[in-house]
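Participant: This one is my_file-v7.cif, mmCIF, C-alpha atoms.
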```cif
data_target
loop_
_atom_site.label_atom_id
_atom_site.label_comp_id
_atom_site.auth_asym_id
_atom_site.auth_seq_id
_atom_site.Cartn_x
_atom_site.Cartn_y
_atom_site.Cartn_z
CA MET B 27 0.00 0.00 0.00
CA THR B 28 1.34 3.42 -0.94
CA ASN B 29 1.70 5.91 1.89
CA ILE B 30 0.89 9.63 1.59
CA ASN B 31 4.56 10.67 1.23
CA SER B 32 5.03 8.30 -1.69
CA LYS B 33 1.84 9.40 -3.45
CA THR B 34 2.73 13.08 -3.03
CA PHE B 35 6.29 12.42 -4.13
CA LEU B 36 5.17 10.51 -7.21
CA LEU B 37 2.67 13.20 -8.14
CA VAL B 38 5.32 15.93 -7.91
CA SER B 39 7.69 13.78 -9.95
CA PHE B 40 5.12 13.23 -12.69
CA LEU B 41 4.21 16.87 -12.92
CA ILE B 42 7.90 17.63 -13.45
CA ILE B 43 8.27 14.84 -15.97
CA PHE B 44 5.31 15.90 -18.09
CA ILE B 45 5.62 19.69 -18.02
CA ALA B 46 6.66 19.90 -21.65
CA LEU B 47 5.64 17.66 -24.52
CA SER B 48 8.40 18.85 -26.78
CA GLY B 49 11.04 21.50 -26.87
CA CYS B 50 13.82 22.91 -28.90
CA GLU B 51 16.51 20.48 -27.81
CA ARG B 52 20.24 21.20 -28.03
CA SER B 53 23.26 18.96 -27.74
CA PRO B 54 24.55 18.59 -24.18
CA ASP B 55 27.72 20.52 -23.37
CA ILE B 56 29.86 17.73 -21.92
CA LYS B 57 33.12 19.66 -22.39
CA SER B 58 32.11 22.14 -19.67
CA THR B 59 30.42 20.01 -17.03
CA LYS B 60 29.06 21.16 -13.68
CA ASN B 61 29.56 19.23 -10.43
CA PHE B 62 27.03 18.25 -7.79
CA ASN B 63 28.60 17.10 -4.54
CA GLY B 64 26.05 16.08 -1.93
CA ILE B 65 26.34 14.29 1.40
CA ASN B 66 25.49 10.82 0.05
CA PHE B 67 26.37 11.07 -3.65
CA SER B 68 28.00 13.16 -6.35
CA PHE B 69 27.73 13.46 -10.12
CA THR B 70 28.52 15.76 -13.02
CA TYR B 71 26.08 17.09 -15.58
CA PRO B 72 26.35 19.00 -18.89
CA GLY B 73 27.26 22.68 -18.68
CA ASN B 74 24.15 23.80 -20.56
CA TRP B 75 21.79 21.76 -18.34
CA LYS B 76 20.57 23.00 -14.99
CA ILE B 77 19.30 21.66 -11.70
CA THR B 78 15.76 23.00 -11.54
CA GLU B 79 14.69 21.30 -8.35
CA ASP B 80 16.39 19.92 -5.25
CA VAL B 81 13.68 19.19 -2.68
CA TYR B 82 12.80 16.91 0.19
CA ILE B 83 9.35 15.43 0.42
CA GLY B 84 9.42 13.89 3.87
CA ASN B 85 12.68 11.92 3.97
CA ILE B 86 12.84 11.48 0.19
CA ARG B 87 15.18 13.75 -1.75
CA SER B 88 14.43 14.56 -5.38
CA ILE B 89 16.80 16.35 -7.74
CA THR B 90 15.66 17.28 -11.24
CA ILE B 91 18.13 18.21 -13.97
CA GLU B 92 16.74 19.67 -17.20
CA SER B 93 18.26 20.15 -20.62
CA PRO B 94 17.56 23.35 -22.60
CA GLY B 95 14.73 21.42 -24.31
CA ALA B 96 12.54 18.81 -22.63
CA ALA B 97 14.98 16.07 -21.57
CA ILE B 98 15.16 15.43 -17.85
CA VAL B 99 17.08 13.44 -15.29
CA VAL B 100 15.45 12.78 -11.92
CA ILE B 101 17.50 11.45 -9.02
CA GLN B 102 15.50 10.23 -6.04
CA GLU B 103 17.13 9.19 -2.78
CA TRP B 104 14.89 7.09 -0.54
CA PRO B 105 15.64 5.72 2.93
CA LYS B 106 15.50 1.93 2.50
CA ILE B 107 12.82 1.70 5.16
CA GLU B 108 10.48 3.97 3.13
CA PHE B 109 11.03 2.36 -0.27
CA GLN B 110 8.00 0.06 -0.47
CA TYR B 111 8.76 -1.40 -3.92
CA ARG B 112 10.34 -4.85 -3.91
CA THR B 113 12.00 -4.59 -7.31
CA LEU B 114 13.06 -2.08 -9.93
CA LYS B 115 10.41 -3.53 -12.24
CA GLU B 116 7.70 -2.90 -9.67
CA TYR B 117 8.88 0.71 -9.28
CA ALA B 118 9.08 1.33 -13.07
CA TYR B 119 5.58 -0.08 -13.58
CA SER B 120 4.31 2.06 -10.72
CA ILE B 121 5.77 5.21 -12.30
CA SER B 122 4.13 4.30 -15.60
CA ASP B 123 0.74 3.64 -13.99
CA GLU B 124 0.86 6.86 -11.97
CA ALA B 125 1.86 8.87 -15.06
CA GLU B 126 -1.17 7.56 -16.94
CA ASN B 127 -3.45 8.46 -14.03
CA GLU B 128 -1.93 11.84 -13.15
CA ILE B 129 -1.24 13.46 -16.52
CA PRO B 130 -3.25 16.71 -16.45
CA PHE B 131 -4.08 16.67 -20.15
CA GLY B 132 -3.77 14.16 -22.98
CA SER B 133 -3.05 10.48 -22.60
CA ILE B 134 -0.22 7.94 -22.54
CA SER B 135 -0.36 4.72 -24.51
CA LYS B 136 1.63 1.98 -26.23
CA ASN B 137 3.84 1.24 -23.24
CA SER B 138 6.54 -1.38 -23.58
CA PHE B 139 9.30 -2.33 -21.16
CA LYS B 140 12.68 -4.00 -21.62
CA ASP B 141 15.70 -4.68 -19.42
CA ILE B 142 18.80 -2.55 -20.01
CA GLU B 143 22.20 -2.10 -18.37
CA THR B 144 24.69 0.77 -18.01
CA SER B 145 27.91 1.59 -16.20
CA ILE B 146 28.46 3.95 -13.31
CA LEU B 147 31.60 4.62 -11.26
CA SER B 148 30.82 1.74 -8.92
CA GLY B 149 30.10 -0.79 -11.70
CA GLU B 150 27.28 -2.05 -13.88
CA ILE B 151 23.67 -1.32 -12.96
CA LYS B 152 20.52 -2.83 -14.40
CA GLY B 153 17.63 -0.73 -15.53
CA ILE B 154 14.30 -0.78 -17.30
CA ARG B 155 13.56 1.13 -20.49
CA GLU B 156 9.97 2.14 -21.04
CA THR B 157 8.87 3.39 -24.43
CA PHE B 158 5.51 5.09 -24.60
CA THR B 159 3.54 7.61 -26.62
CA MET B 160 2.20 10.79 -25.11
CA SER B 161 -0.79 12.22 -26.94
CA ALA B 162 -2.10 15.74 -26.48
CA PHE B 163 -3.71 18.32 -28.68
CA SER B 164 -3.90 15.85 -31.61
CA GLU B 165 -0.16 15.20 -31.48
CA ASP B 166 1.53 11.88 -30.66
CA ILE B 167 5.04 12.12 -29.25
CA PRO B 168 6.96 8.87 -28.58
CA HIS B 169 9.17 8.96 -25.46
CA ILE B 170 11.88 6.90 -23.82
CA ARG B 171 12.14 6.65 -20.04
CA ASP B 172 15.04 4.72 -18.46
CA THR B 173 14.92 3.89 -14.76
CA PHE B 174 17.86 2.54 -12.73
CA LEU B 175 18.04 1.53 -9.06
CA ILE B 176 21.15 1.63 -6.88
CA LYS B 177 21.25 0.31 -3.32
CA SER B 178 23.56 1.53 -0.60
CA LYS B 179 23.73 0.47 3.03
CA ASN B 180 20.89 2.78 4.12
CA ASN B 181 19.37 4.20 0.94
CA ILE B 182 17.85 3.40 -2.42
CA VAL B 183 18.70 5.76 -5.27
CA ILE B 184 16.57 5.94 -8.40
CA LEU B 185 18.13 7.45 -11.54
CA LEU B 186 15.48 8.25 -14.13
CA THR B 187 16.00 9.78 -17.58
CA GLN B 188 13.28 10.80 -20.03
CA VAL B 189 13.14 12.45 -23.44
CA ALA B 190 11.14 12.41 -26.65
CA THR B 191 12.40 9.53 -28.78
CA GLU B 192 13.37 11.84 -31.66
CA ASP B 193 15.80 13.68 -29.32
CA TYR B 194 17.26 10.59 -27.60
CA LYS B 195 20.42 10.26 -29.71
CA MET B 196 21.18 13.96 -29.28
CA VAL B 197 20.82 14.03 -25.46
CA GLU B 198 22.09 10.53 -24.70
CA PRO B 199 25.68 11.80 -24.12
CA GLY B 200 24.25 14.11 -21.43
CA PHE B 201 22.37 11.24 -19.79
CA ALA B 202 25.55 9.13 -19.97
CA ASN B 203 27.52 11.97 -18.37
CA VAL B 204 25.21 12.02 -15.33
CA LEU B 205 24.90 8.24 -15.05
CA ASN B 206 28.58 7.41 -15.64
CA SER B 207 29.75 10.01 -13.13
CA PHE B 208 27.23 9.08 -10.43
CA ASN B 209 29.12 8.12 -7.28
CA LEU B 210 27.46 6.85 -4.11
CA LYS B 211 29.55 7.82 -1.07
#
```
Before anything else, please render the file you have as structure tokens.

Facilitator:
Amino acid sequence: MTNINSKTFLLVSFLIIFIALSGCERSPDIKSTKNFNGINFSFTYPGNWKITEDVYIGNIRSITIESPGAAIVVIQEWPKIEFQYRTLKEYAYSISDEAENEIPFGSISKNSFKDIETSILSGEIKGIRETFTMSAFSEDIPHIRDTFLIKSKNNIVILLTQVATEDYKMVEPGFANVLNSFNLK
């Protein structure tokens, strides 16, 4: 059963994720990266991207990084005791279900999921790639959302990336920059 913190947190996350259907995307500036150095983790991100949100909802920390267009990276740090999902798959499906229920306009359809893998400083991590189509105002925009889960002694960290499919190849180096530099302390 989802508690109130989780529902509120998911709702805020989805509103951030679905703010823009499309944007004028630009290549990530990975030659001039910025550093984020927090208490429990650190990472770098492209110089032309910005952290637009760094909030706590209860004990859950959420950091949102946005590209100049509509690509986003969301990093969520959960205390293990509050993370009620048993698996990454369960979490990814929950995000997808909540997005369909909470989108303020339009609809989401044609969801498919597949297992993926990537590297971070501490090694390989498994993830789930969701492809889906967002429809609004008579326009269908295919998207890709990748979700990764990292466990530490006391916390669960979710790394989520999302972008319109047509912009994926352009922004993927920016996503890789954040993911590959992510370091749990």

Participant: Could you please give me, as a VMD selection string, the residues of protein, DNA or RNA lying at most 12 Å from (25.5, 15.4, -21.8) in the coordinate frame of the file, considering all atoms listed in the file?

Facilitator: chain B and resid 51 to 60 70 to 76 91 to 94 97 to 99 187 194 to 207

Participant: For the residues in that selection, give me C-alpha atoms as a PDB file, in the coordinates of the input.

Facilitator:
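Final output, result35.pdb:
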```pdb
ATOM      1  CA  GLU B  51      16.510  20.480 -27.810  1.00  0.00           C
ATOM      2  CA  ARG B  52      20.240  21.200 -28.030  1.00  0.00           C
ATOM      3  CA  SER B  53      23.260  18.960 -27.740  1.00  0.00           C
ATOM      4  CA  PRO B  54      24.550  18.590 -24.180  1.00  0.00           C
ATOM      5  CA  ASP B  55      27.720  20.520 -23.370  1.00  0.00           C
ATOM      6  CA  ILE B  56      29.860  17.730 -21.920  1.00  0.00           C
ATOM      7  CA  LYS B  57      33.120  19.660 -22.390  1.00  0.00           C
ATOM      8  CA  SER B  58      32.110  22.140 -19.670  1.00  0.00           C
ATOM      9  CA  THR B  59      30.420  20.010 -17.030  1.00  0.00           C
ATOM     10  CA  LYS B  60      29.060  21.160 -13.680  1.00  0.00           C
ATOM     11  CA  THR B  70      28.520  15.760 -13.020  1.00  0.00           C
ATOM     12  CA  TYR B  71      26.080  17.090 -15.580  1.00  0.00           C
ATOM     13  CA  PRO B  72      26.350  19.000 -18.890  1.00  0.00           C
ATOM     14  CA  GLY B  73      27.260  22.680 -18.680  1.00  0.00           C
ATOM     15  CA  ASN B  74      24.150  23.800 -20.560  1.00  0.00           C
ATOM     16  CA  TRP B  75      21.790  21.760 -18.340  1.00  0.00           C
ATOM     17  CA  LYS B  76      20.570  23.000 -14.990  1.00  0.00           C
ATOM     18  CA  ILE B  91      18.130  18.210 -13.970  1.00  0.00           C
ATOM     19  CA  GLU B  92      16.740  19.670 -17.200  1.00  0.00           C
ATOM     20  CA  SER B  93      18.260  20.150 -20.620  1.00  0.00           C
ATOM     21  CA  PRO B  94      17.560  23.350 -22.600  1.00  0.00           C
ATOM     22  CA  ALA B  97      14.980  16.070 -21.570  1.00  0.00           C
ATOM     23  CA  ILE B  98      15.160  15.430 -17.850  1.00  0.00           C
ATOM     24  CA  VAL B  99      17.080  13.440 -15.290  1.00  0.00           C
ATOM     25  CA  THR B 187      16.000   9.780 -17.580  1.00  0.00           C
ATOM     26  CA  TYR B 194      17.260  10.590 -27.600  1.00  0.00           C
ATOM     27  CA  LYS B 195      20.420  10.260 -29.710  1.00  0.00           C
ATOM     28  CA  MET B 196      21.180  13.960 -29.280  1.00  0.00           C
ATOM     29  CA  VAL B 197      20.820  14.030 -25.460  1.00  0.00           C
ATOM     30  CA  GLU B 198      22.090  10.530 -24.700  1.00  0.00           C
ATOM     31  CA  PRO B 199      25.680  11.800 -24.120  1.00  0.00           C
ATOM     32  CA  GLY B 200      24.250  14.110 -21.430  1.00  0.00           C
ATOM     33  CA  PHE B 201      22.370  11.240 -19.790  1.00  0.00           C
ATOM     34  CA  ALA B 202      25.550   9.130 -19.970  1.00  0.00           C
ATOM     35  CA  ASN B 203      27.520  11.970 -18.370  1.00  0.00           C
ATOM     36  CA  VAL B 204      25.210  12.020 -15.330  1.00  0.00           C
ATOM     37  CA  LEU B 205      24.900   8.240 -15.050  1.00  0.00           C
ATOM     38  CA  ASN B 206      28.580   7.410 -15.640  1.00  0.00           C
ATOM     39  CA  SER B 207      29.750  10.010 -13.130  1.00  0.00           C
TER      40      SER B 207
END
```

Participant: Just give me the gap between CA of Glu156 (chain B) and CA of Asn180 (chain B) in Å, one decimal is fine.

Facilitator: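 Taking CA of Glu156 (chain B) as the start and CA of Asn180 (chain B) as the end point, the length is 27.4 Å.
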
Participant: Can you tell me how far CA of Asn66 (chain B) sits from CA of Asn85 (chain B), in Å to one decimal?

Facilitator: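 For CA of Asn66 (chain B) relative to CA of Asn85 (chain B), the distance reads 13.4 Å.
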
Participant: Between B:Ser88, B:Pro105, B:Phe62, B:Ile83, which has the minimum distance to Lys179 (chain B) (counting only C-alpha atoms)?

Facilitator: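 Looking at the shortest contact to Lys179 (chain B), the residue is B:Pro105.
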
Participant: Which neighbours of Ile86 (chain B) fall inside 6 Å, counting all atoms listed in the file, when residues of the same chain fewer than 2 positions from it are skipped, and could you give them as a CSV table (one decimal) with C-alpha atoms, in the frame of the given file?

Facilitator:
```
chain,number,residue,atom,x,y,z
B,82,TYR,CA,12.8,16.9,0.2
B,83,ILE,CA,9.4,15.4,0.4
B,84,GLY,CA,9.4,13.9,3.9
B,103,GLU,CA,17.1,9.2,-2.8
B,104,TRP,CA,14.9,7.1,-0.5
```

Participant: Do you know which residues the PyMOL selection byres ((chain B and resi 118) around 10) returns on this file, as a ChimeraX atom specification?

Facilitator: /B:111,113-117,119-124,139,153-156,171-175,184,186

Participant: Quick one, how far is CA of Thr78 (chain B) from CA of Ile151 (chain B)?

Facilitator: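 So the two atoms, CA of Thr78 (chain B) and CA of Ile151 (chain B), lie 25.6 Å apart.
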
Participant: Could you tell me which of B:Arg112, B:Lys152, B:His169, B:Ile182 comes closest to Asn137 (chain B) if we count all atoms listed in the file?

Facilitator: B:His169

Participant: Ranking B:Gly95, B:Ser178, B:Ile101, B:Asn127 by minimum distance to Asp80 (chain B) and counting all atoms listed in the file, which one comes first?

Facilitator: B:Ile101

Participant: When the PyMOL selection byres ((chain B and resi 168) around 7) is applied to the file above, which residues end up in the set, as a list in words?

Facilitator: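 Selected by the PyMOL selection byres ((chain B and resi 168) around 7) here: Phe158, Thr159, Met160, Asp166, Ile167, His169, Ala190 and Thr191 of chain B.
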
Participant: Emit as JSON the padded axis-aligned box for all listed atoms of region 153-156 of chain B, 4 Å per side, with centre and edge lengths in Å to one decimal.

Facilitator:
```
{"center_x": 13.8, "center_y": 0.7, "center_z": -18.3, "size_x": 15.7, "size_y": 10.9, "size_z": 13.5}
```

Participant: Using only C-alpha atoms, which of B:Ser133, B:Thr157, B:Gln102, B:Asn61 sits nearest Asn181 (chain B)?

Facilitator: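 Nearest to Asn181 (chain B): B:Gln102.
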
Participant: Could you check which of B:Ile129, B:Ile107, B:Val100, B:Ala162 is closest to Glu79 (chain B), using only C-alpha atoms?

Facilitator: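 Counting only C-alpha atoms, the residue closest to Glu79 (chain B) is B:Val100.
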
Participant: Out of B:Cys50, B:Ala96, B:Val81, B:Ile134, which residue has the shortest atom-to-atom distance to Glu165 (chain B) when counting all atoms listed in the file?

Facilitator: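 Smallest separation from Glu165 (chain B) among the options: B:Ile134.
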